[in-house]
file coords37.cif (mmCIF, C-alpha atoms)
data_work
#
loop_
_atom_site.label_atom_id
_atom_site.label_comp_id
_atom_site.auth_asym_id
_atom_site.auth_seq_id
_atom_site.Cartn_x
_atom_site.Cartn_y
_atom_site.Cartn_z
CA MET A 291 -145.23 43.84 -224.18
CA SER A 292 -148.54 45.38 -225.16
CA GLU A 293 -149.53 48.00 -227.63
CA GLU A 294 -152.92 49.57 -228.06
CA ASN A 295 -154.30 51.78 -230.71
CA GLU A 296 -157.53 53.72 -230.55
CA VAL A 297 -159.10 55.92 -233.15
CA LYS A 298 -162.53 57.52 -232.79
CA GLU A 299 -164.44 59.19 -235.55
CA ILE A 300 -167.96 60.33 -234.77
CA VAL A 301 -170.52 62.60 -236.30
CA ILE A 302 -172.78 64.41 -233.90
CA GLU A 303 -175.26 67.20 -234.07
CA ASP A 304 -174.47 69.09 -230.90
CA SER A 305 -171.19 70.82 -230.08
CA GLY A 306 -171.75 70.26 -226.35
CA MET A 307 -171.95 66.53 -226.93
CA ALA A 308 -168.75 66.68 -228.98
CA ILE A 309 -166.89 68.47 -226.19
CA ASP A 310 -168.17 66.00 -223.58
CA MET A 311 -167.19 63.03 -225.67
CA ALA A 312 -163.71 64.39 -226.38
CA GLN A 313 -163.24 65.16 -222.68
CA GLU A 314 -164.37 61.66 -221.67
CA THR A 315 -162.08 60.02 -224.21
CA MET A 316 -159.14 62.10 -223.05
CA GLU A 317 -159.78 61.21 -219.41
CA ALA A 318 -160.01 57.54 -220.35
CA PHE A 319 -156.63 57.82 -222.09
CA ILE A 320 -155.02 59.46 -219.06
CA GLU A 321 -156.43 56.70 -216.83
CA THR A 322 -154.68 54.07 -218.96
CA ALA A 323 -151.35 55.11 -217.48
CA ASP A 324 -151.80 55.65 -213.78
CA VAL A 325 -149.33 54.24 -211.26
CA SER A 326 -151.05 50.84 -211.34
CA LYS A 327 -150.12 50.56 -215.03
CA VAL A 328 -146.45 51.37 -214.41
CA TYR A 329 -146.30 48.85 -211.57
CA GLY A 330 -148.48 45.86 -212.37
CA GLU A 331 -150.44 43.65 -210.03
CA PRO A 332 -148.04 41.96 -207.57
CA ILE A 333 -147.69 38.19 -207.91
CA VAL A 334 -147.34 36.41 -204.57
CA HIS A 335 -146.03 32.84 -204.36
CA GLU A 336 -145.28 31.47 -200.88
CA ASP A 337 -142.70 33.90 -199.41
CA THR A 338 -141.88 35.57 -202.71
CA LEU A 339 -143.47 38.70 -204.13
CA ILE A 340 -142.92 39.66 -207.76
CA LEU A 341 -143.78 43.17 -208.92
CA PRO A 342 -143.54 43.88 -212.66
CA ALA A 343 -142.57 47.42 -213.71
CA ALA A 344 -143.17 48.90 -217.16
CA GLU A 345 -142.69 52.15 -219.02
CA VAL A 346 -145.94 53.66 -220.33
CA MET A 347 -146.23 56.32 -222.99
CA ALA A 348 -149.33 57.84 -224.57
CA ILE A 349 -150.12 60.55 -227.07
CA ALA A 350 -153.55 61.75 -228.12
CA GLY A 351 -155.33 64.65 -229.74
CA PHE A 352 -158.96 65.54 -230.31
CA GLY A 353 -160.88 68.17 -232.22
CA ALA A 354 -164.49 69.25 -232.55
CA GLY A 355 -166.39 71.73 -234.65
CA TYR A 356 -169.91 73.08 -235.04
CA GLY A 357 -171.51 75.25 -237.64
CA SER A 358 -174.84 76.59 -238.81
CA GLY A 359 -176.05 78.69 -241.69
CA GLY A 360 -178.24 79.00 -244.76
CA PRO A 361 -181.50 80.85 -245.30
CA GLU A 362 -184.03 80.97 -242.46
CA ASP A 363 -186.40 78.40 -243.95
CA VAL A 364 -183.74 75.83 -244.95
CA GLY A 365 -181.03 76.70 -242.46
CA GLY A 366 -179.30 73.83 -240.77
CA ALA A 367 -176.66 73.12 -238.25
CA GLY A 368 -174.10 70.42 -237.83
CA GLY A 369 -171.07 69.44 -235.91
CA GLY A 370 -168.42 66.83 -235.76
CA ALA A 371 -165.59 65.60 -233.65
CA GLY A 372 -162.65 63.33 -234.17
CA GLY A 373 -159.56 62.23 -232.43
CA GLY A 374 -156.83 59.69 -232.24
CA GLY A 375 -154.24 58.44 -229.88
CA ARG A 376 -151.87 55.69 -229.05
CA THR A 377 -150.47 54.13 -225.93
CA PHE A 378 -147.24 52.16 -225.67
CA SER A 379 -146.05 49.97 -222.86
CA ARG A 380 -142.74 48.15 -222.40
CA PRO A 381 -141.56 46.01 -219.48
CA VAL A 382 -138.51 47.53 -217.76
CA ALA A 383 -137.78 45.48 -214.66
CA ILE A 384 -139.10 43.04 -212.11
CA VAL A 385 -138.92 43.73 -208.38
CA ILE A 386 -138.48 40.53 -206.39
CA ALA A 387 -138.93 40.41 -202.64
CA ASP A 388 -138.20 37.13 -200.85
CA LYS A 389 -136.59 35.81 -197.69
CA ASN A 390 -133.14 36.97 -198.90
CA GLY A 391 -134.21 40.58 -199.39
CA VAL A 392 -135.45 42.84 -202.16
CA ARG A 393 -133.75 43.05 -205.55
CA VAL A 394 -134.50 44.45 -209.00
CA GLU A 395 -133.96 42.30 -212.08
CA PRO A 396 -133.81 44.27 -215.36
CA VAL A 397 -135.81 43.10 -218.36
CA MET A 398 -133.76 43.23 -221.56
CA ASP A 399 -135.48 43.39 -224.94
CA PRO A 400 -133.00 41.81 -227.42
CA THR A 401 -135.26 42.51 -230.42
CA LYS A 402 -135.37 46.24 -229.66
CA ILE A 403 -131.60 46.33 -229.09
CA ALA A 404 -130.93 44.44 -232.34
CA LEU A 405 -133.22 46.80 -234.28
CA THR A 406 -131.44 49.81 -232.78
CA PHE A 407 -128.05 48.28 -233.60
CA PHE A 408 -128.89 47.70 -237.27
CA THR A 409 -130.52 51.13 -237.66
CA ALA A 410 -127.48 52.81 -236.07
CA LEU A 411 -125.14 50.69 -238.19
CA GLY A 412 -127.01 51.77 -241.34
CA PHE A 413 -126.77 55.42 -240.26
CA MET A 414 -123.04 55.05 -239.53
CA VAL A 415 -122.25 53.32 -242.84
CA ALA A 416 -124.22 55.95 -244.78
CA THR A 417 -122.51 58.85 -242.95
CA ILE A 418 -119.00 57.42 -243.33
CA GLY A 419 -119.74 56.51 -246.97
CA LYS A 420 -120.80 60.10 -247.65
CA MET A 421 -117.58 61.40 -246.05
CA VAL A 422 -115.39 59.05 -248.09
CA SER A 423 -117.18 59.78 -251.38
CA GLY A 424 -116.95 63.51 -250.61
CA LYS A 425 -113.16 63.23 -250.53
CA SER A 426 -112.88 61.52 -253.92
CA GLU A 427 -114.91 64.24 -255.70
CA MET B 68 -152.93 73.19 -215.63
CA SER B 69 -149.33 73.90 -216.69
CA LEU B 70 -147.92 72.95 -220.07
CA ILE B 71 -145.28 70.56 -218.75
CA GLN B 72 -145.61 68.59 -215.54
CA LEU B 73 -142.70 66.56 -214.23
CA GLU B 74 -143.26 64.74 -210.99
CA ASN B 75 -142.44 61.70 -208.89
CA ARG B 76 -145.48 59.69 -207.89
CA VAL B 77 -145.76 57.09 -205.16
CA GLY B 78 -147.65 53.89 -205.84
CA LYS B 79 -149.64 51.66 -203.54
CA PRO B 80 -147.50 50.35 -200.61
CA LEU B 81 -146.94 46.60 -200.62
CA GLN B 82 -146.11 44.23 -197.80
CA ALA B 83 -143.71 41.45 -198.73
CA GLY B 84 -142.93 39.36 -195.67
CA ASP B 85 -141.04 41.61 -193.27
CA TYR B 86 -140.43 44.25 -195.92
CA LYS B 87 -142.67 47.13 -196.94
CA LEU B 88 -142.26 48.30 -200.53
CA LEU B 89 -143.09 51.77 -201.87
CA PRO B 90 -142.90 51.89 -205.67
CA ILE B 91 -141.97 55.30 -207.12
CA GLU B 92 -142.54 56.36 -210.71
CA GLN B 93 -141.40 59.37 -212.73
CA SER B 94 -144.03 61.09 -214.78
CA LEU B 95 -143.76 63.63 -217.58
CA GLN B 96 -147.00 65.08 -218.88
CA VAL B 97 -147.36 67.66 -221.63
CA GLN B 98 -150.81 69.14 -222.06
CA PRO B 99 -151.07 72.46 -223.92
CA PRO B 100 -153.66 74.64 -222.15
CA GLY B 101 -156.84 75.10 -224.13
CA MET B 102 -156.04 72.23 -226.44
CA TRP B 103 -157.43 68.73 -226.50
CA ALA B 104 -154.09 67.07 -226.84
CA PHE B 105 -151.62 65.52 -224.49
CA PHE B 106 -148.51 63.41 -224.23
CA PHE B 107 -147.36 61.52 -221.21
CA TRP B 108 -144.46 59.29 -220.35
CA ARG B 109 -144.30 57.35 -217.13
CA LYS B 110 -141.51 55.08 -216.02
CA PRO B 111 -140.59 53.25 -212.83
CA SER B 112 -137.73 55.04 -211.08
CA SER B 113 -137.10 53.32 -207.75
CA VAL B 114 -138.49 51.25 -204.92
CA ILE B 115 -138.21 52.34 -201.30
CA VAL B 116 -137.77 49.32 -199.06
CA GLN B 117 -138.61 49.66 -195.37
CA HIS B 118 -136.71 47.01 -193.42
CA PRO B 119 -138.11 45.38 -190.27
CA ASP B 120 -135.53 47.28 -188.17
CA GLY B 121 -136.99 50.58 -189.39
CA THR B 122 -134.26 51.52 -191.86
CA ASP B 123 -135.11 52.60 -195.40
CA GLU B 124 -133.29 51.55 -198.56
CA ILE B 125 -133.79 53.05 -202.03
CA ILE B 126 -133.29 50.61 -204.90
CA GLU B 127 -132.97 52.34 -208.29
CA ILE B 128 -134.66 50.73 -211.28
CA GLN B 129 -132.36 50.77 -214.30
CA ASP B 130 -133.79 50.52 -217.80
CA SER B 131 -131.18 48.25 -219.40
CA THR B 132 -132.81 48.23 -222.83
CA ARG B 133 -132.88 52.05 -222.97
CA GLN B 134 -129.27 52.27 -221.74
CA ALA B 135 -128.14 49.83 -224.45
CA GLN B 136 -130.05 51.79 -227.11
CA LEU B 137 -128.52 55.10 -225.99
CA THR B 138 -125.01 53.57 -225.95
CA ILE B 139 -125.46 52.23 -229.51
CA TRP B 140 -126.70 55.62 -230.78
CA GLY B 141 -123.93 57.40 -228.91
CA LEU B 142 -121.31 55.24 -230.63
CA ALA B 143 -123.06 55.64 -234.00
CA LEU B 144 -122.68 59.43 -233.67
CA LEU B 145 -119.23 59.39 -232.07
CA ILE B 146 -117.46 57.07 -234.54
CA PRO B 147 -118.28 59.10 -237.72
CA PHE B 148 -117.40 62.30 -235.81
CA ILE B 149 -113.97 60.90 -234.86
CA ILE B 150 -113.38 59.77 -238.47
CA TRP B 151 -114.38 63.24 -239.72
CA LEU B 152 -112.03 64.84 -237.17
CA ILE B 153 -109.07 62.62 -238.21
CA LYS B 154 -109.75 63.36 -241.88
CA ARG B 155 -109.83 67.08 -241.17
CA VAL B 156 -106.50 66.97 -239.30
CA ASN B 157 -104.92 64.96 -242.17
CA VAL B 158 -106.19 67.42 -244.80
CA ARG B 159 -104.72 70.34 -242.83
CA ARG B 160 -101.38 68.55 -242.53
CA GLU B 161 -101.34 67.84 -246.29
CA ASN B 162 -102.12 71.49 -247.03
CA HIS B 163 -99.21 72.60 -244.80
CA VAL B 164 -96.81 70.26 -246.60
#

call {"tool": "encode", "arguments": {"input": "coords37.cif", "output": "structure tokens"}}
result
Amino acid sequence: MSEENEVKEIVIEDSGMAIDMAQETMEAFIETADVSKVYGEPIVHEDTLILPAAEVMAIAGFGAGYGSGGPEDVGGAGGGAGGGGRTFSRPVAIVIADKNGVRVEPVMDPTKIALTFFTALGFMVATIGKMVSGKSE
Amino acid sequence: MSLIQLENRVGKPLQAGDYKLLPIEQSLQVQPPGMWAFFFWRKPSSVIVQHPDGTDEIIEIQDSTRQAQLTIWGLALLIPFIIWLIKRVNVRRENHV
């Protein structure tokens, strides 16, 4: 399982440069999740081929601004851009192709399931507790 | 570019012995027009297997972890709802008596 986090904060003097940089960063983010990221590099061992498959999710946002003003003799201009994003990846299954055929083996994440179970249990206990206490009032 | 794009994409074909594999992924992309923001979610959906005799077979890829999570949350919502429903029926019965 991998998790990446990227945050960019830059100060620049030209709005065109800000736009270019934001565009480039956004394209780089989109490239992080092409088909080759969902299906990893195949592993070949003798007659067996193993193809890992993962779920990929990404969210990102960018902004840029530029301004100028002041009297003619001391007037200045400035701009800035910033953005942030995050990508998540989680293994889902493994495709195995060998002499016997092709099959898909699921990848279970017990930690994620346990976390979900305890969160849901907490929600359930709180909801039922609220219903019971509501009756006694 | 549209706001929401939902599509199936085909990956690079692979040769595994006598079999040819075509990995398919599902992709959801949300990119508001005119905004520098996006969200995308891509997951493997199936593998098309081309057998040596020329027949094709589609093998679905199940996300067991996600299915387990959804089942747990489904039960966590259903159980309190059933308890609330039973309580409501009992209160109505008591009021009638």

call {"tool": "atom_distance", "arguments": {"input": "coords37.cif", "atom1": "atom CA of A:Ala344", "atom2": "atom CA of B:Lys87"}}
result
20.3 Å

call {"tool": "interface_residues", "arguments": {"input": "coords37.cif", "of": "chain B", "to": "chain A", "cutoff": "7 Å", "atoms": "only C-alpha atoms", "output": "list in words"}}
result
Gly78, Ala83, Gly84, Trp103, Ala104, Phe105, Phe106, Phe107, Trp108, Arg109, Lys110, Pro111, Ile128, Gln129, Asp130, Ser131, Thr132, Ala135, Gln136, Ile139, Trp140, Ala143 and Pro147 of chain B

call {"tool": "write_last_selection", "arguments": {"input": "coords37.cif", "atoms": "C-alpha atoms", "output": "PDB file, in the coordinates of the input"}}
result
ATOM      1  CA  GLY B  78    -147.650  53.890-205.840  1.00  0.00           C
ATOM      2  CA  ALA B  83    -143.710  41.450-198.730  1.00  0.00           C
ATOM      3  CA  GLY B  84    -142.930  39.360-195.670  1.00  0.00           C
ATOM      4  CA  TRP B 103    -157.430  68.730-226.500  1.00  0.00           C
ATOM      5  CA  ALA B 104    -154.090  67.070-226.840  1.00  0.00           C
ATOM      6  CA  PHE B 105    -151.620  65.520-224.490  1.00  0.00           C
ATOM      7  CA  PHE B 106    -148.510  63.410-224.230  1.00  0.00           C
ATOM      8  CA  PHE B 107    -147.360  61.520-221.210  1.00  0.00           C
ATOM      9  CA  TRP B 108    -144.460  59.290-220.350  1.00  0.00           C
ATOM     10  CA  ARG B 109    -144.300  57.350-217.130  1.00  0.00           C
ATOM     11  CA  LYS B 110    -141.510  55.080-216.020  1.00  0.00           C
ATOM     12  CA  PRO B 111    -140.590  53.250-212.830  1.00  0.00           C
ATOM     13  CA  ILE B 128    -134.660  50.730-211.280  1.00  0.00           C
ATOM     14  CA  GLN B 129    -132.360  50.770-214.300  1.00  0.00           C
ATOM     15  CA  ASP B 130    -133.790  50.520-217.800  1.00  0.00           C
ATOM     16  CA  SER B 131    -131.180  48.250-219.400  1.00  0.00           C
ATOM     17  CA  THR B 132    -132.810  48.230-222.830  1.00  0.00           C
ATOM     18  CA  ALA B 135    -128.140  49.830-224.450  1.00  0.00           C
ATOM     19  CA  GLN B 136    -130.050  51.790-227.110  1.00  0.00           C
ATOM     20  CA  ILE B 139    -125.460  52.230-229.510  1.00  0.00           C
ATOM     21  CA  TRP B 140    -126.700  55.620-230.780  1.00  0.00           C
ATOM     22  CA  ALA B 143    -123.060  55.640-234.000  1.00  0.00           C
ATOM     23  CA  PRO B 147    -118.280  59.100-237.720  1.00  0.00           C
TER      24      PRO B 147
END

call {"tool": "atom_distance", "arguments": {"input": "coords37.cif", "atom1": "atom CA of B:Gly101", "atom2": "atom CA of B:Ser69"}}
result
10.6 Å

call {"tool": "resolve_selection", "arguments": {"input": "coords37.cif", "expression": "the PyMOL selection byres ((chain B and resi 77) around 6)", "output": "PyMOL selection string"}}
result
chain B and resi 76+78+90-91

call {"tool": "axis_aligned_box", "arguments": {"input": "coords37.cif", "around": "stretch 388-396 of chain A", "padding_each_side": "3 Å", "output": "lines of an AutoDock Vina configuration file"}}
result
center_x = -135.7
center_y = 40.1
center_z = -206.5
size_x = 11.1
size_y = 14.6
size_z = 23.7

call {"tool": "atom_distance", "arguments": {"input": "coords37.cif", "atom1": "atom CA of B:Val156", "atom2": "atom CA of A:Gly424"}}
result
15.8 Å

call {"tool": "closest_residue", "arguments": {"input": "coords37.cif", "among": "B:Gln134, B:Ile115, B:Leu152, B:Gln93", "to": "B:Leu81", "atoms": "only C-alpha atoms"}}
result
B:Ile115

call {"tool": "residues_around", "arguments": {"input": "coords37.cif", "residues": "A:Ser358", "least_positions_apart": "5", "cutoff": "9 Å", "atoms": "all atoms listed in the file", "output": "MDAnalysis selection string"}}
result
chainID A and resid 365:369

call {"tool": "residues_around", "arguments": {"input": "coords37.cif", "residues": "B:Gln117", "least_positions_apart": "6", "cutoff": "9 Å", "atoms": "only C-alpha atoms", "output": "list in words"}}
result
Asp85, Tyr86, Lys87, Leu88, Leu89, Asp123, Glu124 and Ile125 of chain B

call {"tool": "closest_residue", "arguments": {"input": "coords37.cif", "among": "B:Val97, B:Thr122, B:Val116, B:Leu137", "to": "B:Leu73", "atoms": "only C-alpha atoms"}}
result
B:Val97
